[in-house]
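Asker: So that you have it, the file is entry_25.csv, and it contains CSV, C-alpha atoms:
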chain,number,residue,atom,x,y,z
A,1,MET,CA,95.0,94.1,137.1
A,2,GLU,CA,92.6,94.1,140.0
A,3,LYS,CA,91.7,97.5,141.5
A,4,GLU,CA,92.8,96.4,145.0
A,5,ILE,CA,96.3,95.8,143.6
A,6,ILE,CA,96.2,99.2,141.8
A,7,VAL,CA,95.3,100.9,145.1
A,8,SER,CA,98.0,99.1,146.9
A,9,LEU,CA,100.7,100.0,144.4
A,10,VAL,CA,99.5,103.6,144.3
A,11,GLU,CA,99.8,103.7,148.1
A,12,LYS,CA,103.3,102.3,147.8
A,13,VAL,CA,104.3,105.1,145.4
A,14,PHE,CA,102.6,107.8,147.6
A,15,ARG,CA,104.7,106.6,150.6
A,16,LYS,CA,107.8,106.7,148.5
A,17,VAL,CA,107.2,110.2,147.3
A,18,PHE,CA,105.6,111.8,150.4
A,19,GLY,CA,107.1,109.7,153.2
A,20,LYS,CA,105.9,106.6,155.1
A,21,GLU,CA,103.7,108.6,157.4
A,22,VAL,CA,101.6,110.1,154.6
A,23,PRO,CA,97.8,109.8,155.5
A,24,PHE,CA,96.9,107.8,152.4
A,25,ARG,CA,93.3,106.8,151.6
A,26,PRO,CA,92.0,105.9,148.2
A,27,ASP,CA,90.2,109.2,148.1
A,28,VAL,CA,92.8,111.4,149.7
A,29,HIS,CA,93.1,114.9,148.0
A,30,ALA,CA,96.3,116.9,147.3
A,31,SER,CA,95.2,119.5,149.8
A,32,GLU,CA,95.4,117.0,152.6
A,33,ILE,CA,99.0,116.0,152.0
A,34,SER,CA,101.7,118.3,153.1
A,35,GLY,CA,104.3,118.4,150.3
A,36,TRP,CA,101.9,117.5,147.5
A,37,ASP,CA,102.8,120.7,145.5
A,38,SER,CA,103.3,121.1,141.8
A,39,LEU,CA,106.9,119.9,141.8
A,40,ASN,CA,106.2,116.8,143.8
A,41,HIS,CA,103.2,116.1,141.7
A,42,VAL,CA,105.5,115.6,138.7
A,43,THR,CA,107.7,113.4,140.8
A,44,LEU,CA,104.6,111.4,141.8
A,45,VAL,CA,103.6,111.0,138.2
A,46,MET,CA,107.1,109.9,137.1
A,47,GLU,CA,107.2,107.3,139.9
A,48,LEU,CA,103.7,106.0,139.0
A,49,GLU,CA,104.8,105.6,135.4
A,50,LYS,CA,107.8,103.5,136.6
A,51,GLU,CA,105.7,101.4,139.0
A,52,PHE,CA,102.9,100.6,136.5
A,53,GLY,CA,105.0,100.7,133.3
A,54,LEU,CA,102.7,103.3,131.8
A,55,GLU,CA,103.2,106.7,130.2
A,56,PHE,CA,100.8,109.3,131.4
A,57,ASP,CA,99.6,112.2,129.2
A,58,LEU,CA,101.5,114.9,131.1
A,59,PHE,CA,98.7,117.4,130.6
A,60,GLU,CA,95.9,115.1,131.8
A,61,ALA,CA,98.1,114.2,134.7
A,62,LEU,CA,98.1,117.9,135.9
A,63,GLU,CA,94.4,117.5,136.8
A,64,LEU,CA,94.9,114.3,138.8
A,65,THR,CA,94.9,116.0,142.1
A,66,GLY,CA,93.5,113.2,144.2
A,67,ALA,CA,94.2,109.6,144.8
A,68,ASP,CA,90.8,108.5,143.5
A,69,ALA,CA,91.4,110.3,140.1
A,70,ILE,CA,94.9,108.7,139.9
A,71,ILE,CA,93.5,105.2,140.7
A,72,GLY,CA,90.7,105.7,138.2
A,73,PHE,CA,93.1,106.9,135.5
A,74,ILE,CA,95.4,103.9,136.0
A,75,ASP,CA,92.5,101.5,136.1
A,76,ARG,CA,91.2,102.8,132.8
A,77,LYS,CA,94.7,102.7,131.2
A,78,ILE,CA,95.4,99.1,132.3
A,79,ASN,CA,91.9,97.6,132.2
A,80,GLY,CA,90.2,99.7,129.6
A,81,ASP,CA,87.1,101.8,130.2
A,82,GLY,CA,84.7,99.0,129.6
A,83,ASN,CA,83.3,100.5,126.4
A,84,PRO,CA,83.4,98.4,123.2
B,85,MET,CA,98.6,137.2,121.7
B,86,ASN,CA,95.5,137.8,123.8
B,87,ASP,CA,95.3,140.6,126.4
B,88,ALA,CA,95.8,138.3,129.4
B,89,GLU,CA,99.1,137.0,128.0
B,90,LYS,CA,100.2,140.4,127.0
B,91,ASN,CA,99.5,141.9,130.4
B,92,LEU,CA,101.5,139.1,132.0
B,93,TRP,CA,104.5,139.7,129.8
B,94,GLN,CA,104.3,143.5,130.5
B,95,PHE,CA,104.0,142.8,134.2
B,96,TYR,CA,107.1,140.6,134.3
B,97,GLU,CA,108.9,143.2,132.3
B,98,ARG,CA,107.8,145.9,134.8
B,99,ILE,CA,109.0,143.8,137.7
B,100,GLY,CA,112.4,143.4,136.1
B,101,ARG,CA,112.9,147.0,135.1
B,102,GLN,CA,111.4,148.6,138.3
B,103,THR,CA,113.1,146.5,140.9
B,104,GLY,CA,116.5,146.3,139.4
B,105,TYR,CA,116.5,142.5,139.4
B,106,LEU,CA,117.6,140.7,136.4
B,107,PHE,CA,115.6,141.3,133.3
B,108,HIS,CA,116.6,140.3,129.8
B,109,SER,CA,114.8,140.4,126.6
B,110,GLY,CA,116.1,138.5,123.6
B,111,SER,CA,114.8,137.1,120.3
B,112,SER,CA,113.9,133.7,121.7
B,113,CYS,CA,112.8,134.6,125.2
B,114,SER,CA,112.7,137.1,128.0
B,115,VAL,CA,113.8,136.4,131.6
B,116,VAL,CA,113.0,137.9,134.9
B,117,THR,CA,114.5,136.9,138.2
B,118,ALA,CA,114.5,138.2,141.8
B,119,PRO,CA,117.1,137.2,144.4
B,120,PRO,CA,117.8,133.5,144.4
B,121,GLY,CA,114.9,131.4,145.6
B,122,LYS,CA,112.4,134.3,145.4
B,123,TRP,CA,109.5,135.2,143.2
B,124,PRO,CA,109.5,135.8,140.3
B,125,ALA,CA,111.9,133.6,138.5
B,126,MET,CA,110.5,133.0,135.0
B,127,VAL,CA,111.5,132.6,131.4
B,128,PHE,CA,108.6,134.1,129.3
B,129,ASN,CA,107.6,135.5,126.0
B,130,ILE,CA,109.3,132.6,124.3
B,131,ASN,CA,109.7,132.2,120.6
B,132,PRO,CA,111.1,128.8,120.0
B,133,GLY,CA,110.9,128.9,116.2
B,134,GLU,CA,110.2,125.8,114.2
B,135,GLU,CA,113.0,123.8,115.9
B,136,ARG,CA,111.7,123.4,119.3
B,137,SER,CA,114.4,120.9,120.2
B,138,LEU,CA,117.1,123.6,119.7
B,139,PHE,CA,115.2,125.9,122.0
B,140,LEU,CA,114.9,123.2,124.7
B,141,GLU,CA,118.6,122.3,124.3
B,142,MET,CA,119.5,125.9,124.8
B,143,MET,CA,117.2,126.2,127.9
B,144,LYS,CA,118.5,123.0,129.4
B,145,GLY,CA,122.2,124.1,128.9
B,146,ALA,CA,121.5,127.5,130.4
B,147,ILE,CA,119.6,126.1,133.4
B,148,LEU,CA,122.4,123.6,134.2
B,149,LYS,CA,124.9,126.5,134.2
B,150,ASN,CA,122.6,128.5,136.4
B,151,MET,CA,122.1,131.1,133.8
B,152,LEU,CA,118.4,130.8,133.6
B,153,PRO,CA,115.6,129.9,136.0
B,154,GLY,CA,114.5,126.3,135.8
B,155,GLN,CA,111.0,127.1,134.5
B,156,PHE,CA,109.3,128.8,131.6
B,157,ILE,CA,105.7,129.8,130.8
B,158,SER,CA,104.2,129.3,127.4
B,159,ASN,CA,100.9,129.3,125.5
B,160,PRO,CA,100.0,125.9,124.1
B,161,GLU,CA,100.8,126.9,120.5
B,162,GLN,CA,104.5,127.4,121.4
B,163,PHE,CA,104.7,124.5,123.8
B,164,GLY,CA,101.6,122.4,124.7
B,165,PRO,CA,100.1,118.9,124.7
B,166,ALA,CA,101.1,118.4,121.0
B,167,HIS,CA,104.8,118.8,122.0
B,168,GLN,CA,105.0,116.6,125.1
B,169,GLY,CA,107.1,114.0,123.4
B,170,ILE,CA,110.0,116.3,122.8
B,171,MET,CA,109.5,118.0,126.1
B,172,ARG,CA,109.7,114.7,127.9
B,173,GLU,CA,112.9,113.9,125.9
B,174,TYR,CA,114.5,117.1,127.2
B,175,ARG,CA,113.1,116.6,130.7
B,176,PHE,CA,110.7,119.6,130.7
B,177,PHE,CA,107.4,118.7,132.4
B,178,PRO,CA,104.3,120.8,132.9
B,179,VAL,CA,103.8,121.7,136.5
B,180,ASP,CA,100.9,124.0,136.3
B,181,LYS,CA,98.1,125.2,134.0
B,182,TRP,CA,96.8,128.8,134.1
B,183,THR,CA,93.4,129.6,132.5
B,184,LEU,CA,93.4,133.0,130.9
B,185,MET,CA,90.2,134.9,131.8
B,186,GLU,CA,88.7,138.3,131.2
B,187,ILE,CA,85.7,140.4,132.0
B,188,TYR,CA,84.6,143.7,130.4
B,189,THR,CA,83.9,146.2,133.2
B,190,GLY,CA,81.0,147.6,131.1
B,191,GLN,CA,79.2,144.3,131.6
B,192,PHE,CA,79.9,144.2,135.3
B,193,ASN,CA,77.3,145.7,137.6
B,194,ARG,CA,77.5,144.2,141.1
B,195,LYS,CA,77.9,145.6,144.6
B,196,ALA,CA,79.6,143.8,147.4
B,197,GLU,CA,77.7,143.3,150.6
B,198,MET,CA,80.0,144.5,153.3
B,199,ASP,CA,79.7,144.6,157.0
B,200,LYS,CA,80.5,148.0,158.6
B,201,THR,CA,83.7,146.5,160.1
B,202,TRP,CA,85.0,145.6,156.7
B,203,SER,CA,87.0,147.9,154.4
B,204,VAL,CA,88.8,147.5,151.1
B,205,ARG,CA,91.7,149.8,150.4
B,206,LYS,CA,95.0,150.1,148.7
B,207,ILE,CA,98.0,149.3,150.8
B,208,THR,CA,101.3,151.0,150.3
B,209,ASP,CA,103.1,150.7,153.7
B,210,LEU,CA,105.7,148.0,154.4
B,211,PRO,CA,104.0,146.4,157.4
B,212,SER,CA,100.7,145.8,155.4
B,213,LEU,CA,102.6,144.7,152.3
B,214,HIS,CA,104.6,142.3,154.6
B,215,GLU,CA,101.3,140.9,156.0
B,216,PHE,CA,100.0,140.5,152.4
B,217,SER,CA,103.2,138.8,151.3
B,218,CYS,CA,103.0,136.4,154.2
B,219,ILE,CA,99.5,135.3,153.2
B,220,VAL,CA,100.6,135.0,149.5
B,221,ASN,CA,103.6,132.9,150.5
B,222,ALA,CA,101.6,130.6,152.8
B,223,VAL,CA,98.8,130.0,150.3
B,224,LEU,CA,100.2,130.5,146.8
B,225,LEU,CA,103.9,130.8,146.4
B,226,ARG,CA,105.2,128.2,148.8
B,227,ILE,CA,108.1,127.2,146.6
B,228,LEU,CA,109.1,130.7,145.4
B,229,PRO,CA,108.1,133.3,148.0
B,230,VAL,CA,107.6,137.0,147.3
B,231,GLU,CA,109.4,139.6,149.4
B,232,ALA,CA,107.4,142.6,150.8
B,233,GLU,CA,110.4,144.8,150.0
B,234,MET,CA,109.9,144.0,146.3
B,235,LEU,CA,106.2,144.8,146.5
B,236,LEU,CA,107.2,148.2,148.1
B,237,LYS,CA,109.4,148.9,145.1
B,238,LEU,CA,106.7,147.9,142.6
B,239,VAL,CA,103.8,149.9,144.0
B,240,ASP,CA,103.3,152.9,141.9
B,241,ARG,CA,100.8,154.5,139.5
B,242,ASP,CA,100.3,151.3,137.6
B,243,VAL,CA,100.8,148.7,140.3
B,244,SER,CA,98.5,148.6,143.3
B,245,VAL,CA,97.9,146.2,146.1
B,246,PHE,CA,94.2,146.1,147.3
B,247,ALA,CA,93.3,144.4,150.6
B,248,LEU,CA,90.1,143.5,152.4
B,249,PHE,CA,90.3,144.2,156.1
B,250,ILE,CA,88.0,142.9,158.8
B,251,GLY,CA,88.7,145.4,161.5
B,252,LYS,CA,92.5,145.5,161.5
B,253,GLU,CA,93.0,142.0,160.1
B,254,LEU,CA,94.1,141.8,156.5
B,255,VAL,CA,92.0,138.9,155.2
B,256,SER,CA,92.3,139.0,151.4
B,257,GLY,CA,94.5,140.8,149.0
B,258,MET,CA,95.5,141.1,145.4
B,259,LEU,CA,98.0,143.0,143.2
B,260,VAL,CA,96.7,144.9,140.2
B,261,PHE,CA,98.9,145.9,137.2
B,262,THR,CA,97.3,148.3,134.7
B,263,SER,CA,98.5,148.9,131.2
B,264,GLY,CA,96.4,151.3,129.2
B,265,ASN,CA,92.8,150.6,129.9
B,266,ILE,CA,93.4,146.9,130.9
B,267,ALA,CA,94.0,145.8,134.4
B,268,GLY,CA,95.6,142.4,135.3
B,269,LEU,CA,94.9,140.8,138.7
B,270,TYR,CA,97.7,138.9,140.3
B,271,LEU,CA,98.5,137.1,143.6
B,272,VAL,CA,94.8,137.0,144.5
B,273,VAL,CA,94.6,135.3,147.9
B,274,THR,CA,92.6,134.9,151.1
B,275,LYS,CA,94.0,133.7,154.4
B,276,LYS,CA,93.6,129.9,154.7
B,277,ASN,CA,91.5,130.1,157.8
B,278,ARG,CA,89.2,132.7,156.2
B,279,GLN,CA,88.5,131.0,153.0
B,280,HIS,CA,85.1,129.8,151.7
B,281,ALA,CA,83.3,132.7,153.5
B,282,GLY,CA,82.9,135.1,150.6
B,283,TYR,CA,85.8,137.4,151.4
B,284,GLY,CA,87.5,136.8,148.1
B,285,SER,CA,84.4,137.7,146.2
B,286,VAL,CA,83.9,140.9,148.2
B,287,LEU,CA,87.5,142.0,147.5
B,288,LEU,CA,87.1,141.1,143.9
B,289,ILE,CA,83.8,143.0,143.4
B,290,GLU,CA,85.0,146.1,145.3
B,291,THR,CA,88.3,146.2,143.4
B,292,MET,CA,86.6,145.7,140.0
B,293,ASN,CA,84.2,148.5,140.8
B,294,ARG,CA,87.1,150.8,141.7
B,295,LEU,CA,89.0,149.9,138.5
B,296,LYS,CA,85.9,150.5,136.5
B,297,SER,CA,85.5,154.0,138.0
B,298,GLU,CA,89.1,154.7,137.1
B,299,GLY,CA,88.4,154.1,133.5
B,300,ILE,CA,89.5,150.4,133.1
B,301,ASP,CA,87.6,148.7,130.3
B,302,LYS,CA,88.8,145.2,130.7
B,303,ILE,CA,90.1,143.1,133.6
B,304,ILE,CA,92.2,140.0,132.9
B,305,LEU,CA,93.8,137.3,135.0
B,306,GLN,CA,95.5,133.9,134.9
B,307,SER,CA,93.6,131.4,137.0
B,308,SER,CA,94.9,128.3,138.7
B,309,LEU,CA,92.8,125.2,138.3
B,310,PRO,CA,91.3,125.3,141.9
B,311,ALA,CA,90.3,129.0,141.5
B,312,LEU,CA,88.6,128.6,138.2
B,313,PRO,CA,85.0,128.1,139.6
B,314,PHE,CA,85.5,131.2,141.7
B,315,TYR,CA,86.2,133.4,138.7
B,316,LEU,CA,83.5,131.8,136.6
B,317,LYS,CA,81.0,132.5,139.4
B,318,ASN,CA,82.1,136.1,139.4
B,319,GLY,CA,81.5,136.6,135.7
B,320,PHE,CA,84.9,136.0,134.1
B,321,SER,CA,85.0,134.1,130.8
B,322,VAL,CA,87.8,131.9,129.5
B,323,THR,CA,90.0,133.2,126.7
B,324,GLY,CA,92.9,130.7,126.6
B,325,GLU,CA,95.4,128.8,128.6
B,326,MET,CA,99.1,128.8,129.5
B,327,TYR,CA,101.4,126.2,131.0
B,328,ILE,CA,104.3,126.4,133.4
B,329,TYR,CA,107.1,124.0,132.6
B,330,ARG,CA,110.0,123.0,134.8
B,331,TYR,CA,113.2,121.2,134.0
B,332,PHE,CA,113.7,118.1,136.1
B,333,VAL,CA,117.2,116.7,136.3
Output the file's structure in the form of structure tokens.
Answerer:
Amino acid sequence: MEKEIIVSLVEKVFRKVFGKEVPFRPDVHASEISGWDSLNHVTLVMELEKEFGLEFDLFEALELTGADAIIGFIDRKINGDGNP
Amino acid sequence: MNDAEKNLWQFYERIGRQTGYLFHSGSSCSVVTAPPGKWPAMVFNINPGEERSLFLEMMKGAILKNMLPGQFISNPEQFGPAHQGIMREYRFFPVDKWTLMEIYTGQFNRKAEMDKTWSVRKITDLPSLHEFSCIVNAVLLRILPVEAEMLLKLVDRDVSVFALFIGKELVSGMLVFTSGNIAGLYLVVTKKNRQHAGYGSVLLIETMNRLKSEGIDKIILQSSLPALPFYLKNGFSVTGEMYIYRYFV
């Protein structure tokens, strides 16, 4: 899956969880989004799992506190990390 | 059980017994709650036994009947990354990670650089405790706020609230719970618009020096992920970790 598509789908999930007006950027951090607290973070992870058909390691997911970390995580999960 | 975990259990127990809010200690877990929607509401000191599924089944049933708060705290040996399959099955998800940290006061030898308009002191009056609780609720406990009246009930020989004032403005604060010669730091916070200016470090250093002079040998705390660099910079070392889990319907 191309990274642009991943970014687009992540944005779609962000708007679903945090509202249509959320100031999404591929590098937006949790501290910039009102409502991105620990409870909504779990909801975000569950919605991302549904959207991408993936299962996150729930403990690694705790540390994904920015869109760039989330996008990178999903990219590696789907496309691999490039290492043989 | 390390000292940071033990101090936390003792602190929760203290809150429950001192404030008259619900406190229960059983063979599989302990529970402390404040009025509905208020801090703290936690199931702790859990002992799931070998059949973790039975424990989670019990928790889930009790939560759905409003007999237990919807969250519990555990070290990773009881419930951790190795158990996420069964936790996911019962709809318990990790929502936070606390890093357990400690510092021996004998190894601590720093002085805070303070302006003459600054002061660090214990606060025991309701208006100051209210100001402190407002900062705590705005910065830390947005979902489960703490009440100043509860802090007023708690403050005693072994529970203190230290605050850094710039003039008359309360800028940073923390709650200290001592048990024997160990002190635990809780609700460590700086006002949002005063962060990243060194005030938290000043409060920490001054408070640690006072605790040292009062005979405290070791200071422990449970750090959130964002605060970890702050404590490492101030000399704390990592001793373990704990996770907060919440039931999601």
Asker: Kindly determine which residues of chain B lie within 7 Å of chain A, considering all atoms listed in the file, and give the answer as an MDAnalysis selection string.
Answerer: chainID B and resid 165 178:180
Asker: Atoms to include: C-alpha atoms. Write the selected residues as a PDB file, in the frame of the given file.
Answerer:
ATOM      1  CA  PRO B 165     100.100 118.900 124.700  1.00  0.00           C
ATOM      2  CA  PRO B 178     104.300 120.800 132.900  1.00  0.00           C
ATOM      3  CA  VAL B 179     103.800 121.700 136.500  1.00  0.00           C
ATOM      4  CA  ASP B 180     100.900 124.000 136.300  1.00  0.00           C
TER       5      ASP B 180
END
Asker: What's around region 95-109 of chain B at 7 Å? Count all atoms listed in the file, leave out sequence neighbours fewer than 4 positions away in its own chain, and write the answer as a list in words.
Answerer: Asn91, Cys113, Ser114, Val115, Val116, Thr117, Ala118, Met234, Lys237, Leu238 and Phe261 of chain B
Asker: Please report the interatomic distance between CA of Arg278 (chain B) and CA of Glu215 (chain B) in Å with one decimal.
Answerer: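 The value is 14.6 Å.
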Asker: Write out as a list in words each polymer residue whose atoms come within 9 Å of Ser137 (chain B), counting only C-alpha atoms; drop sequence neighbours fewer than 3 positions from it.
Answerer: Pro132, Glu134, Leu140, Glu141, Met142, Ile170, Met171 and Tyr174 of chain B
Asker: Any chance you could export the current selection's C-alpha atoms as a PDB file, in the coordinates of the input?
Answerer:
ATOM      1  CA  PRO B 132     111.100 128.800 120.000  1.00  0.00           C
ATOM      2  CA  GLU B 134     110.200 125.800 114.200  1.00  0.00           C
ATOM      3  CA  LEU B 140     114.900 123.200 124.700  1.00  0.00           C
ATOM      4  CA  GLU B 141     118.600 122.300 124.300  1.00  0.00           C
ATOM      5  CA  MET B 142     119.500 125.900 124.800  1.00  0.00           C
ATOM      6  CA  ILE B 170     110.000 116.300 122.800  1.00  0.00           C
ATOM      7  CA  MET B 171     109.500 118.000 126.100  1.00  0.00           C
ATOM      8  CA  TYR B 174     114.500 117.100 127.200  1.00  0.00           C
TER       9      TYR B 174
END
Asker: Excluding region 14-19 of chain A and any residue of its chain fewer than 2 positions from it, enumerate the residues within 9 Å of it, using only C-alpha atoms, and give them as a compact mmCIF listing (two decimals) with C-alpha atoms, in the frame of the given file.
Answerer:
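Output contents, as saved in around17.txt:
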# COMPACT_ATOMS: atom_id res chain seq x y z
CA LEU A 9 100.70 100.00 144.40
CA VAL A 10 99.50 103.60 144.30
CA GLU A 11 99.80 103.70 148.10
CA LYS A 12 103.30 102.30 147.80
CA GLU A 21 103.70 108.60 157.40
CA VAL A 22 101.60 110.10 154.60
CA PHE A 24 96.90 107.80 152.40
CA ILE A 33 99.00 116.00 152.00
CA SER A 34 101.70 118.30 153.10
CA GLY A 35 104.30 118.40 150.30
CA TRP A 36 101.90 117.50 147.50
CA ASN A 40 106.20 116.80 143.80
CA THR A 43 107.70 113.40 140.80
CA LEU A 44 104.60 111.40 141.80
CA GLU A 47 107.20 107.30 139.90
CA LEU A 48 103.70 106.00 139.00
